[in-house]
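Coordinates as given in run-v5.pdb (PDB, C-alpha atoms and all ligand atoms):
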ATOM      1  CA  MET A   1     144.947  52.065 162.459  1.00  0.00           C
ATOM      2  CA  THR A   2     142.436  51.326 165.211  1.00  0.00           C
ATOM      3  CA  GLU A   3     139.976  48.590 164.485  1.00  0.00           C
ATOM      4  CA  LYS A   4     136.547  48.570 166.033  1.00  0.00           C
ATOM      5  CA  THR A   5     134.507  45.598 167.169  1.00  0.00           C
ATOM      6  CA  ALA A   6     130.962  45.314 165.879  1.00  0.00           C
ATOM      7  CA  THR A   7     128.536  45.321 168.788  1.00  0.00           C
ATOM      8  CA  GLN A   8     124.950  44.146 168.692  1.00  0.00           C
ATOM      9  CA  SER A   9     122.903  47.159 167.628  1.00  0.00           C
ATOM     10  CA  PRO A  10     119.124  47.252 167.395  1.00  0.00           C
ATOM     11  CA  PRO A  11     117.802  46.338 163.937  1.00  0.00           C
ATOM     12  CA  VAL A  12     116.883  49.224 161.659  1.00  0.00           C
ATOM     13  CA  PRO A  13     113.793  48.852 159.499  1.00  0.00           C
ATOM     14  CA  SER A  14     114.020  50.263 155.979  1.00  0.00           C
ATOM     15  CA  ASP A  15     111.087  51.819 154.155  1.00  0.00           C
ATOM     16  CA  HIS A  16     112.019  50.231 150.853  1.00  0.00           C
ATOM     17  CA  ILE A  17     113.611  46.883 151.626  1.00  0.00           C
ATOM     18  CA  MET A  18     111.451  43.883 152.478  1.00  0.00           C
ATOM     19  CA  GLY A  19     111.922  43.192 156.189  1.00  0.00           C
ATOM     20  CA  VAL A  20     113.257  39.649 156.016  1.00  0.00           C
ATOM     21  CA  TYR A  21     116.605  40.329 157.726  1.00  0.00           C
ATOM     22  CA  ASN A  22     117.480  42.108 160.972  1.00  0.00           C
ATOM     23  CA  ARG A  23     120.071  44.681 159.913  1.00  0.00           C
ATOM     24  CA  THR A  24     122.362  46.661 162.209  1.00  0.00           C
ATOM     25  CA  PRO A  25     123.022  50.333 161.340  1.00  0.00           C
ATOM     26  CA  LEU A  26     126.666  49.473 160.503  1.00  0.00           C
ATOM     27  CA  ALA A  27     127.227  50.300 156.805  1.00  0.00           C
ATOM     28  CA  PHE A  28     130.434  49.442 154.951  1.00  0.00           C
ATOM     29  CA  GLU A  29     131.443  51.316 151.833  1.00  0.00           C
ATOM     30  CA  ARG A  30     134.738  49.689 150.909  1.00  0.00           C
ATOM     31  CA  GLY A  31     137.184  46.969 151.784  1.00  0.00           C
ATOM     32  CA  GLU A  32     140.876  46.123 151.338  1.00  0.00           C
ATOM     33  CA  GLY A  33     141.865  42.503 151.747  1.00  0.00           C
ATOM     34  CA  ALA A  34     140.545  41.411 155.134  1.00  0.00           C
ATOM     35  CA  ARG A  35     139.625  44.946 156.242  1.00  0.00           C
ATOM     36  CA  LEU A  36     136.327  46.747 155.923  1.00  0.00           C
ATOM     37  CA  PHE A  37     135.715  50.488 156.218  1.00  0.00           C
ATOM     38  CA  THR A  38     132.422  52.067 157.227  1.00  0.00           C
ATOM     39  CA  THR A  39     130.839  55.134 155.708  1.00  0.00           C
ATOM     40  CA  ASP A  40     132.229  56.974 158.794  1.00  0.00           C
ATOM     41  CA  GLY A  41     135.768  55.786 157.997  1.00  0.00           C
ATOM     42  CA  ASP A  42     136.042  53.262 160.860  1.00  0.00           C
ATOM     43  CA  ALA A  43     138.093  50.123 160.115  1.00  0.00           C
ATOM     44  CA  TYR A  44     136.998  46.582 160.984  1.00  0.00           C
ATOM     45  CA  LEU A  45     138.692  43.230 160.512  1.00  0.00           C
ATOM     46  CA  ASP A  46     136.317  41.220 158.334  1.00  0.00           C
ATOM     47  CA  CYS A  47     135.914  37.942 160.194  1.00  0.00           C
ATOM     48  CA  MET A  48     132.604  37.199 158.478  1.00  0.00           C
ATOM     49  CA  ALA A  49     133.585  37.352 154.792  1.00  0.00           C
ATOM     50  CA  GLY A  50     129.951  37.789 153.749  1.00  0.00           C
ATOM     51  CA  ILE A  51     128.846  34.670 155.530  1.00  0.00           C
ATOM     52  CA  ALA A  52     131.916  32.604 154.712  1.00  0.00           C
ATOM     53  CA  VAL A  53     131.692  33.266 150.975  1.00  0.00           C
ATOM     54  CA  ASN A  54     134.182  36.072 150.393  1.00  0.00           C
ATOM     55  CA  ALA A  55     137.311  34.137 151.182  1.00  0.00           C
ATOM     56  CA  LEU A  56     139.448  36.048 148.656  1.00  0.00           C
ATOM     57  CA  GLY A  57     138.974  39.340 150.488  1.00  0.00           C
ATOM     58  CA  HIS A  58     138.017  42.764 149.202  1.00  0.00           C
ATOM     59  CA  ALA A  59     139.298  44.686 146.166  1.00  0.00           C
ATOM     60  CA  ASN A  60     142.057  42.252 145.253  1.00  0.00           C
ATOM     61  CA  PRO A  61     143.722  44.026 142.269  1.00  0.00           C
ATOM     62  CA  LYS A  62     143.906  40.867 140.116  1.00  0.00           C
ATOM     63  CA  LEU A  63     140.241  40.059 140.717  1.00  0.00           C
ATOM     64  CA  VAL A  64     139.198  43.654 140.098  1.00  0.00           C
ATOM     65  CA  GLN A  65     141.088  43.591 136.783  1.00  0.00           C
ATOM     66  CA  ALA A  66     139.500  40.272 135.767  1.00  0.00           C
ATOM     67  CA  VAL A  67     136.008  41.638 136.495  1.00  0.00           C
ATOM     68  CA  LYS A  68     136.783  44.837 134.567  1.00  0.00           C
ATOM     69  CA  ASP A  69     138.125  42.872 131.586  1.00  0.00           C
ATOM     70  CA  GLN A  70     134.989  40.733 131.471  1.00  0.00           C
ATOM     71  CA  ALA A  71     132.619  43.690 131.959  1.00  0.00           C
ATOM     72  CA  GLU A  72     134.204  45.412 128.961  1.00  0.00           C
ATOM     73  CA  LYS A  73     133.618  42.337 126.766  1.00  0.00           C
ATOM     74  CA  LEU A  74     130.272  40.756 127.628  1.00  0.00           C
ATOM     75  CA  TRP A  75     127.787  41.202 130.498  1.00  0.00           C
ATOM     76  CA  HIS A  76     125.604  38.128 130.219  1.00  0.00           C
ATOM     77  CA  VAL A  77     124.427  35.483 127.788  1.00  0.00           C
ATOM     78  CA  SER A  78     121.916  32.742 128.405  1.00  0.00           C
ATOM     79  CA  ASN A  79     122.886  29.177 129.258  1.00  0.00           C
ATOM     80  CA  ILE A  80     121.296  28.160 125.951  1.00  0.00           C
ATOM     81  CA  PHE A  81     124.565  29.302 124.322  1.00  0.00           C
ATOM     82  CA  THR A  82     128.013  27.753 124.623  1.00  0.00           C
ATOM     83  CA  ILE A  83     130.023  29.804 127.124  1.00  0.00           C
ATOM     84  CA  PRO A  84     133.762  29.110 126.684  1.00  0.00           C
ATOM     85  CA  GLY A  85     134.805  30.701 130.001  1.00  0.00           C
ATOM     86  CA  GLN A  86     132.212  28.642 131.865  1.00  0.00           C
ATOM     87  CA  GLU A  87     133.484  25.432 130.243  1.00  0.00           C
ATOM     88  CA  LYS A  88     137.073  26.318 131.136  1.00  0.00           C
ATOM     89  CA  LEU A  89     136.194  26.948 134.786  1.00  0.00           C
ATOM     90  CA  ALA A  90     134.135  23.734 134.975  1.00  0.00           C
ATOM     91  CA  LYS A  91     137.176  21.763 133.773  1.00  0.00           C
ATOM     92  CA  VAL A  92     139.427  23.404 136.375  1.00  0.00           C
ATOM     93  CA  LEU A  93     136.910  22.532 139.108  1.00  0.00           C
ATOM     94  CA  THR A  94     136.312  18.933 138.033  1.00  0.00           C
ATOM     95  CA  ASP A  95     140.077  18.319 137.571  1.00  0.00           C
ATOM     96  CA  ALA A  96     140.680  19.557 141.121  1.00  0.00           C
ATOM     97  CA  THR A  97     137.836  17.711 142.871  1.00  0.00           C
ATOM     98  CA  PHE A  98     135.768  14.517 143.074  1.00  0.00           C
ATOM     99  CA  ALA A  99     133.069  15.982 140.818  1.00  0.00           C
ATOM    100  CA  ASP A 100     132.395  14.834 137.250  1.00  0.00           C
ATOM    101  CA  VAL A 101     130.300  17.857 136.274  1.00  0.00           C
ATOM    102  CA  VAL A 102     129.513  21.326 137.586  1.00  0.00           C
ATOM    103  CA  PHE A 103     126.214  23.181 137.946  1.00  0.00           C
ATOM    104  CA  PHE A 104     126.814  26.936 138.098  1.00  0.00           C
ATOM    105  CA  THR A 105     124.336  28.835 140.195  1.00  0.00           C
ATOM    106  CA  ASN A 106     123.918  32.170 141.952  1.00  0.00           C
ATOM    107  CA  SER A 107     123.437  31.246 145.582  1.00  0.00           C
ATOM    108  CA  GLY A 108     123.877  28.582 148.202  1.00  0.00           C
ATOM    109  CA  THR A 109     120.172  27.938 148.436  1.00  0.00           C
ATOM    110  CA  GLU A 110     119.983  27.224 144.699  1.00  0.00           C
ATOM    111  CA  ALA A 111     122.912  24.839 145.057  1.00  0.00           C
ATOM    112  CA  VAL A 112     121.013  23.017 147.814  1.00  0.00           C
ATOM    113  CA  GLU A 113     117.867  23.004 145.663  1.00  0.00           C
ATOM    114  CA  CYS A 114     119.904  21.457 142.826  1.00  0.00           C
ATOM    115  CA  ALA A 115     121.374  18.829 145.176  1.00  0.00           C
ATOM    116  CA  ILE A 116     117.906  17.812 146.423  1.00  0.00           C
ATOM    117  CA  LYS A 117     116.499  17.601 142.897  1.00  0.00           C
ATOM    118  CA  THR A 118     119.564  15.710 141.635  1.00  0.00           C
ATOM    119  CA  ALA A 119     119.299  13.130 144.432  1.00  0.00           C
ATOM    120  CA  ARG A 120     115.605  12.501 143.778  1.00  0.00           C
ATOM    121  CA  LYS A 121     116.030  12.394 140.003  1.00  0.00           C
ATOM    122  CA  TYR A 122     118.958   9.965 140.349  1.00  0.00           C
ATOM    123  CA  HIS A 123     116.788   7.450 142.202  1.00  0.00           C
ATOM    124  CA  TRP A 124     113.858   8.058 139.864  1.00  0.00           C
ATOM    125  CA  ALA A 125     116.082   7.359 136.856  1.00  0.00           C
ATOM    126  CA  LYS A 126     117.292   4.123 138.477  1.00  0.00           C
ATOM    127  CA  GLY A 127     113.679   2.943 138.802  1.00  0.00           C
ATOM    128  CA  HIS A 128     113.099   4.059 142.404  1.00  0.00           C
ATOM    129  CA  PRO A 129     110.676   6.999 142.318  1.00  0.00           C
ATOM    130  CA  GLU A 130     109.703   6.179 145.923  1.00  0.00           C
ATOM    131  CA  ARG A 131     113.123   7.331 147.137  1.00  0.00           C
ATOM    132  CA  ILE A 132     112.313  10.975 147.900  1.00  0.00           C
ATOM    133  CA  ASP A 133     113.253  11.415 151.579  1.00  0.00           C
ATOM    134  CA  ILE A 134     115.937  13.956 152.371  1.00  0.00           C
ATOM    135  CA  ILE A 135     117.294  13.340 155.859  1.00  0.00           C
ATOM    136  CA  GLY A 136     118.506  16.532 157.561  1.00  0.00           C
ATOM    137  CA  PHE A 137     119.451  17.543 161.083  1.00  0.00           C
ATOM    138  CA  GLU A 138     117.993  19.743 163.774  1.00  0.00           C
ATOM    139  CA  GLY A 139     119.649  23.145 164.049  1.00  0.00           C
ATOM    140  CA  SER A 140     120.727  23.146 160.408  1.00  0.00           C
ATOM    141  CA  PHE A 141     120.456  25.923 157.861  1.00  0.00           C
ATOM    142  CA  HIS A 142     120.417  25.264 154.121  1.00  0.00           C
ATOM    143  CA  GLY A 143     119.061  28.504 152.661  1.00  0.00           C
ATOM    144  CA  ARG A 144     115.728  30.209 152.129  1.00  0.00           C
ATOM    145  CA  THR A 145     114.040  28.568 149.130  1.00  0.00           C
ATOM    146  CA  LEU A 146     111.034  26.382 149.979  1.00  0.00           C
ATOM    147  CA  ALA A 147     112.933  23.103 149.633  1.00  0.00           C
ATOM    148  CA  ALA A 148     115.909  24.466 151.598  1.00  0.00           C
ATOM    149  CA  VAL A 149     113.750  25.611 154.534  1.00  0.00           C
ATOM    150  CA  ASN A 150     111.978  22.249 154.512  1.00  0.00           C
ATOM    151  CA  ALA A 151     115.376  20.516 154.546  1.00  0.00           C
ATOM    152  CA  SER A 152     116.423  22.419 157.671  1.00  0.00           C
ATOM    153  CA  GLY A 153     112.959  22.063 159.243  1.00  0.00           C
ATOM    154  CA  ASN A 154     113.417  25.177 161.404  1.00  0.00           C
ATOM    155  CA  THR A 155     109.850  26.197 162.334  1.00  0.00           C
ATOM    156  CA  ALA A 156     110.786  29.896 162.389  1.00  0.00           C
ATOM    157  CA  TYR A 157     111.632  29.702 158.678  1.00  0.00           C
ATOM    158  CA  LEU A 158     108.684  27.450 157.751  1.00  0.00           C
ATOM    159  CA  GLU A 159     105.956  29.455 159.460  1.00  0.00           C
ATOM    160  CA  GLY A 160     103.497  31.103 157.090  1.00  0.00           C
ATOM    161  CA  PHE A 161     104.591  29.256 153.956  1.00  0.00           C
ATOM    162  CA  GLY A 162     101.921  26.574 153.925  1.00  0.00           C
ATOM    163  CA  PRO A 163     102.144  22.963 155.026  1.00  0.00           C
ATOM    164  CA  PRO A 164     105.583  21.338 155.333  1.00  0.00           C
ATOM    165  CA  MET A 165     106.623  19.632 152.091  1.00  0.00           C
ATOM    166  CA  PRO A 166     106.633  15.817 152.024  1.00  0.00           C
ATOM    167  CA  GLY A 167     109.910  13.910 151.980  1.00  0.00           C
ATOM    168  CA  PHE A 168     111.926  15.884 154.555  1.00  0.00           C
ATOM    169  CA  ILE A 169     113.046  14.321 157.838  1.00  0.00           C
ATOM    170  CA  GLN A 170     115.017  15.963 160.667  1.00  0.00           C
ATOM    171  CA  LEU A 171     117.095  14.054 163.227  1.00  0.00           C
ATOM    172  CA  PRO A 172     119.170  15.195 166.209  1.00  0.00           C
ATOM    173  CA  TYR A 173     122.662  16.215 164.996  1.00  0.00           C
ATOM    174  CA  GLY A 174     125.227  13.536 165.818  1.00  0.00           C
ATOM    175  CA  ASP A 175     122.716  10.799 166.728  1.00  0.00           C
ATOM    176  CA  HIS A 176     124.057   7.957 164.593  1.00  0.00           C
ATOM    177  CA  GLU A 177     121.611   5.378 165.941  1.00  0.00           C
ATOM    178  CA  ALA A 178     118.673   7.596 164.922  1.00  0.00           C
ATOM    179  CA  LEU A 179     120.309   8.038 161.533  1.00  0.00           C
ATOM    180  CA  LYS A 180     120.745   4.297 161.006  1.00  0.00           C
ATOM    181  CA  ALA A 181     117.112   3.726 161.983  1.00  0.00           C
ATOM    182  CA  ALA A 182     115.854   6.491 159.701  1.00  0.00           C
ATOM    183  CA  ILE A 183     117.617   5.333 156.534  1.00  0.00           C
ATOM    184  CA  GLY A 184     115.281   3.088 154.600  1.00  0.00           C
ATOM    185  CA  PRO A 185     113.751   2.227 151.236  1.00  0.00           C
ATOM    186  CA  THR A 186     112.381   5.761 150.712  1.00  0.00           C
ATOM    187  CA  THR A 187     115.654   7.578 151.525  1.00  0.00           C
ATOM    188  CA  ALA A 188     117.032   9.711 148.709  1.00  0.00           C
ATOM    189  CA  ALA A 189     119.841  11.630 150.434  1.00  0.00           C
ATOM    190  CA  ILE A 190     121.350  12.931 153.662  1.00  0.00           C
ATOM    191  CA  ILE A 191     122.054  16.651 153.913  1.00  0.00           C
ATOM    192  CA  ILE A 192     124.507  17.802 156.576  1.00  0.00           C
ATOM    193  CA  GLU A 193     126.700  20.778 157.440  1.00  0.00           C
ATOM    194  CA  PRO A 194     130.080  19.464 158.697  1.00  0.00           C
ATOM    195  CA  VAL A 195     130.026  22.497 161.003  1.00  0.00           C
ATOM    196  CA  GLN A 196     126.591  23.885 161.762  1.00  0.00           C
ATOM    197  CA  GLY A 197     126.360  27.644 161.322  1.00  0.00           C
ATOM    198  CA  GLU A 198     123.054  28.416 163.007  1.00  0.00           C
ATOM    199  CA  GLY A 199     122.902  25.372 165.253  1.00  0.00           C
ATOM    200  CA  GLY A 200     125.523  26.528 167.735  1.00  0.00           C
ATOM    201  CA  ARG A 201     127.863  24.094 169.473  1.00  0.00           C
ATOM    202  CA  ALA A 202     127.381  20.566 168.152  1.00  0.00           C
ATOM    203  CA  PRO A 203     128.569  17.389 169.864  1.00  0.00           C
ATOM    204  CA  CYS A 204     130.078  15.510 166.956  1.00  0.00           C
ATOM    205  CA  LEU A 205     131.627  17.635 164.263  1.00  0.00           C
ATOM    206  CA  THR A 206     134.541  15.517 163.117  1.00  0.00           C
ATOM    207  CA  CYS A 207     132.750  12.229 162.602  1.00  0.00           C
ATOM    208  CA  ALA A 208     129.360  13.504 161.429  1.00  0.00           C
ATOM    209  CA  CYS A 209     129.996  13.232 157.694  1.00  0.00           C
ATOM    210  CA  ALA A 210     131.872   9.929 157.912  1.00  0.00           C
ATOM    211  CA  ALA A 211     129.011   8.497 159.977  1.00  0.00           C
ATOM    212  CA  CYS A 212     126.479   9.584 157.356  1.00  0.00           C
ATOM    213  CA  VAL A 213     128.429   7.872 154.576  1.00  0.00           C
ATOM    214  CA  SER A 214     128.926   4.752 156.670  1.00  0.00           C
ATOM    215  CA  CYS A 215     125.219   4.546 157.652  1.00  0.00           C
ATOM    216  CA  ALA A 216     124.071   5.093 154.083  1.00  0.00           C
ATOM    217  CA  THR A 217     126.535   2.551 152.661  1.00  0.00           C
ATOM    218  CA  LYS A 218     125.667  -0.125 155.233  1.00  0.00           C
ATOM    219  CA  THR A 219     121.969   0.237 154.579  1.00  0.00           C
ATOM    220  CA  GLY A 220     122.503   0.116 150.834  1.00  0.00           C
ATOM    221  CA  SER A 221     121.219   3.637 150.280  1.00  0.00           C
ATOM    222  CA  CYS A 222     124.168   4.828 148.240  1.00  0.00           C
TER     223      CYS A 222
HETATM  224  C1  LIG B 301     125.204  26.015 155.274  1.00  0.00           C
HETATM  225  C2  LIG B 301     124.491  26.965 154.362  1.00  0.00           C
HETATM  226  N1  LIG B 301     123.804  26.452 153.316  1.00  0.00           N
HETATM  227  C3  LIG B 301     123.129  27.274 152.473  1.00  0.00           C
HETATM  228  C4  LIG B 301     123.142  28.659 152.636  1.00  0.00           C
HETATM  229  C5  LIG B 301     122.377  29.523 151.676  1.00  0.00           C
HETATM  230  O1  LIG B 301     123.243  30.279 150.895  1.00  0.00           O
HETATM  231  P1  LIG B 301     122.743  31.598 150.163  1.00  0.00           P
HETATM  232  O2  LIG B 301     122.521  32.634 151.229  1.00  0.00           O
HETATM  233  O3  LIG B 301     123.840  31.936 149.222  1.00  0.00           O
HETATM  234  O4  LIG B 301     121.458  31.268 149.440  1.00  0.00           O
HETATM  235  C6  LIG B 301     123.858  29.222 153.696  1.00  0.00           C
HETATM  236  C7  LIG B 301     123.868  30.669 153.904  1.00  0.00           C
HETATM  237  O5  LIG B 301     124.317  31.198 154.909  1.00  0.00           O
HETATM  238  C8  LIG B 301     124.546  28.352 154.586  1.00  0.00           C
HETATM  239  O6  LIG B 301     125.230  28.843 155.625  1.00  0.00           O
END
In structure tokens, what does this structure look like?
Ligand SMILES: Cc1ncc(COP(=O)(O)O)c(C=O)c1O
Amino acid sequence: MTEKTATQSPPVPSDHIMGVYNRTPLAFERGEGARLFTTDGDAYLDCMAGIAVNALGHANPKLVQAVKDQAEKLWHVSNIFTIPGQEKLAKVLTDATFADVVFFTNSGTEAVECAIKTARKYHWAKGHPERIDIIGFEGSFHGRTLAAVNASGNTAYLEGFGPPMPGFIQLPYGDHEALKAAIGPTTAAIIIEPVQGEGGRAPCLTCACAACVSCATKTGSC
């Protein structure tokens, strides 16, 4: 099998899809494990995995069977009902991690939205409604909802969506002195990618998260 390498092709506009992404003409119709096959039958090694979300590969027989089994039973019920499968998965996740509870959501940007709201509500509930500032870093990407684009502060994503929202601060990535100076009585949270996806090469990947925790702890912000 010969695998091809995706080259940069000019974006193709579609008549019926809102033009918010630059798409190449490459179209995949199926996958097997780590391989993808185009509509023309060309094979590619999938090094993208969506954008780092499809780590289990394509068409895994056990996963396909699990999805089929579920689809034959129940498509969807609202969160206002008890969902036994959801509870079971939440227990598996909390048993395996630091987390006490799980919030199931559909996308990364909603997860970020939930994290921002949770941080602010936490301080509000502890009697500190003034703690609303989310400290982020230049070059970051946190998704496309309004709060997520404000958290990354990238002007290309903010343009045209009204004034920047209050309570979002951006600092140079890896600048611990700037971080220490920025943390104060109105800080609610620090949001950081351990490895920046859109920001390119960053100077301080390994210590970035540890530095955030250390700065926040020393200044009494967490
Ligand atoms: C670091 C990071 N956060 C958030 C998101 C947003 O995730 P989603 O596209 O699922 O909304 C992405 C997406 O690429 C991401 O890379």
The PyMOL selection byres (((chain A and resi 55-61) around 6) and not hetatm) resolved against shown file, as a PyMOL selection string: chain A and resi 31-34+53-54+62-64
Ref. answer, residues at most 8 Å from (119.1, 26.8, 154.3) with all atoms listed in the file, as a PyMOL selection string: chain A and resi 108-109+112+140-145+148-149+151-152
From the list A:Thr217, A:Gln86, A:Asn154, A:Gln70, which residue is nearest Gly199 in chain A when using all atoms listed in the file?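 Nearest to Gly199 in chain A: A:Asn154.
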Step by step, gather every atom of range 20-28 of chain A that the file lists, find the box along x, y and z that holds them, add 5 Å on each side, and finally give centre and edge lengths in Å to one decimal, as JSON.
{"center_x": 121.8, "center_y": 45.0, "center_z": 158.6, "size_x": 27.2, "size_y": 20.7, "size_z": 17.3}
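Closest approach to Gln170 in chain A from the set A:Ala189, A:Ile134, A:Leu36, A:Ala147 is made by A:Ile134, with distances taken over only C-alpha atoms.
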Would you kindly translate the PyMOL selection byres (((chain A and resi 185) around 8) and not hetatm) into the concrete residues it picks from this file, as a PyMOL selection string? chain A and resi 130-131+183-184+186-187+221
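CA of Ile192 in chain A sits 14.7 Å away from CA of Lys180 in chain A.
Distances from A:Phe137, A:Phe28, A:Tyr122, A:Phe161 to ligand LIG 301 (chain B) were compared using only C-alpha atoms and all ligand atoms, and the smallest one belongs to A:Phe137.
Between CA of Glu198 in chain A and CA of Gly139 in chain A the interatomic distance comes to 6.4 Å.
Between CA of Gly167 in chain A and CA of Val101 in chain A lies a distance of 26.0 Å.
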Got a sec to resolve the PyMOL selection byres (((chain A and resi 103) around 10) and not hetatm) on this structure and send the residues as number ranges by chain? A: 90, 101-102, 104-105, 111, 114-115
A:Glu110, A:His128, A:Glu177, A:Ser14 ranked by distance to Leu146 in chain A, top pick (using only C-alpha atoms):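 Using only C-alpha atoms, Leu146 in chain A sits closest to A:Glu110.
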Take the point (136.2, 51.1, 155.0) as written in the file and pick out every residue within 10 Å of it, counting all atoms listed in the file; give the list as an mmCIF file with C-alpha atoms, in the frame of the given file.
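Full text of selection_12.cif as output:
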data_model
loop_
_atom_site.group_PDB
_atom_site.id
_atom_site.type_symbol
_atom_site.label_atom_id
_atom_site.label_comp_id
_atom_site.auth_asym_id
_atom_site.auth_seq_id
_atom_site.Cartn_x
_atom_site.Cartn_y
_atom_site.Cartn_z
ATOM 1 C CA ALA A 27 127.227 50.300 156.805
ATOM 2 C CA PHE A 28 130.434 49.442 154.951
ATOM 3 C CA GLU A 29 131.443 51.316 151.833
ATOM 4 C CA ARG A 30 134.738 49.689 150.909
ATOM 5 C CA GLY A 31 137.184 46.969 151.784
ATOM 6 C CA GLU A 32 140.876 46.123 151.338
ATOM 7 C CA ARG A 35 139.625 44.946 156.242
ATOM 8 C CA LEU A 36 136.327 46.747 155.923
ATOM 9 C CA PHE A 37 135.715 50.488 156.218
ATOM 10 C CA THR A 38 132.422 52.067 157.227
ATOM 11 C CA THR A 39 130.839 55.134 155.708
ATOM 12 C CA ASP A 40 132.229 56.974 158.794
ATOM 13 C CA GLY A 41 135.768 55.786 157.997
ATOM 14 C CA ASP A 42 136.042 53.262 160.860
ATOM 15 C CA ALA A 43 138.093 50.123 160.115
ATOM 16 C CA TYR A 44 136.998 46.582 160.984
ATOM 17 C CA LEU A 45 138.692 43.230 160.512
#
Using all atoms listed in the file, which of A:Met165, A:Lys88, A:Ala119, A:Met48 sits nearest ligand LIG 301 (chain B)?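 Smallest distance to ligand LIG 301 (chain B) is found for A:Met48.
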Using all atoms listed in the file, pick whichever of A:Asn22, A:Gln65, A:Thr94, A:Gln196 has the shortest atom-to-atom distance to ligand LIG 301 (chain B).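 Answer, going by the shortest atom-to-atom distance: A:Gln196.
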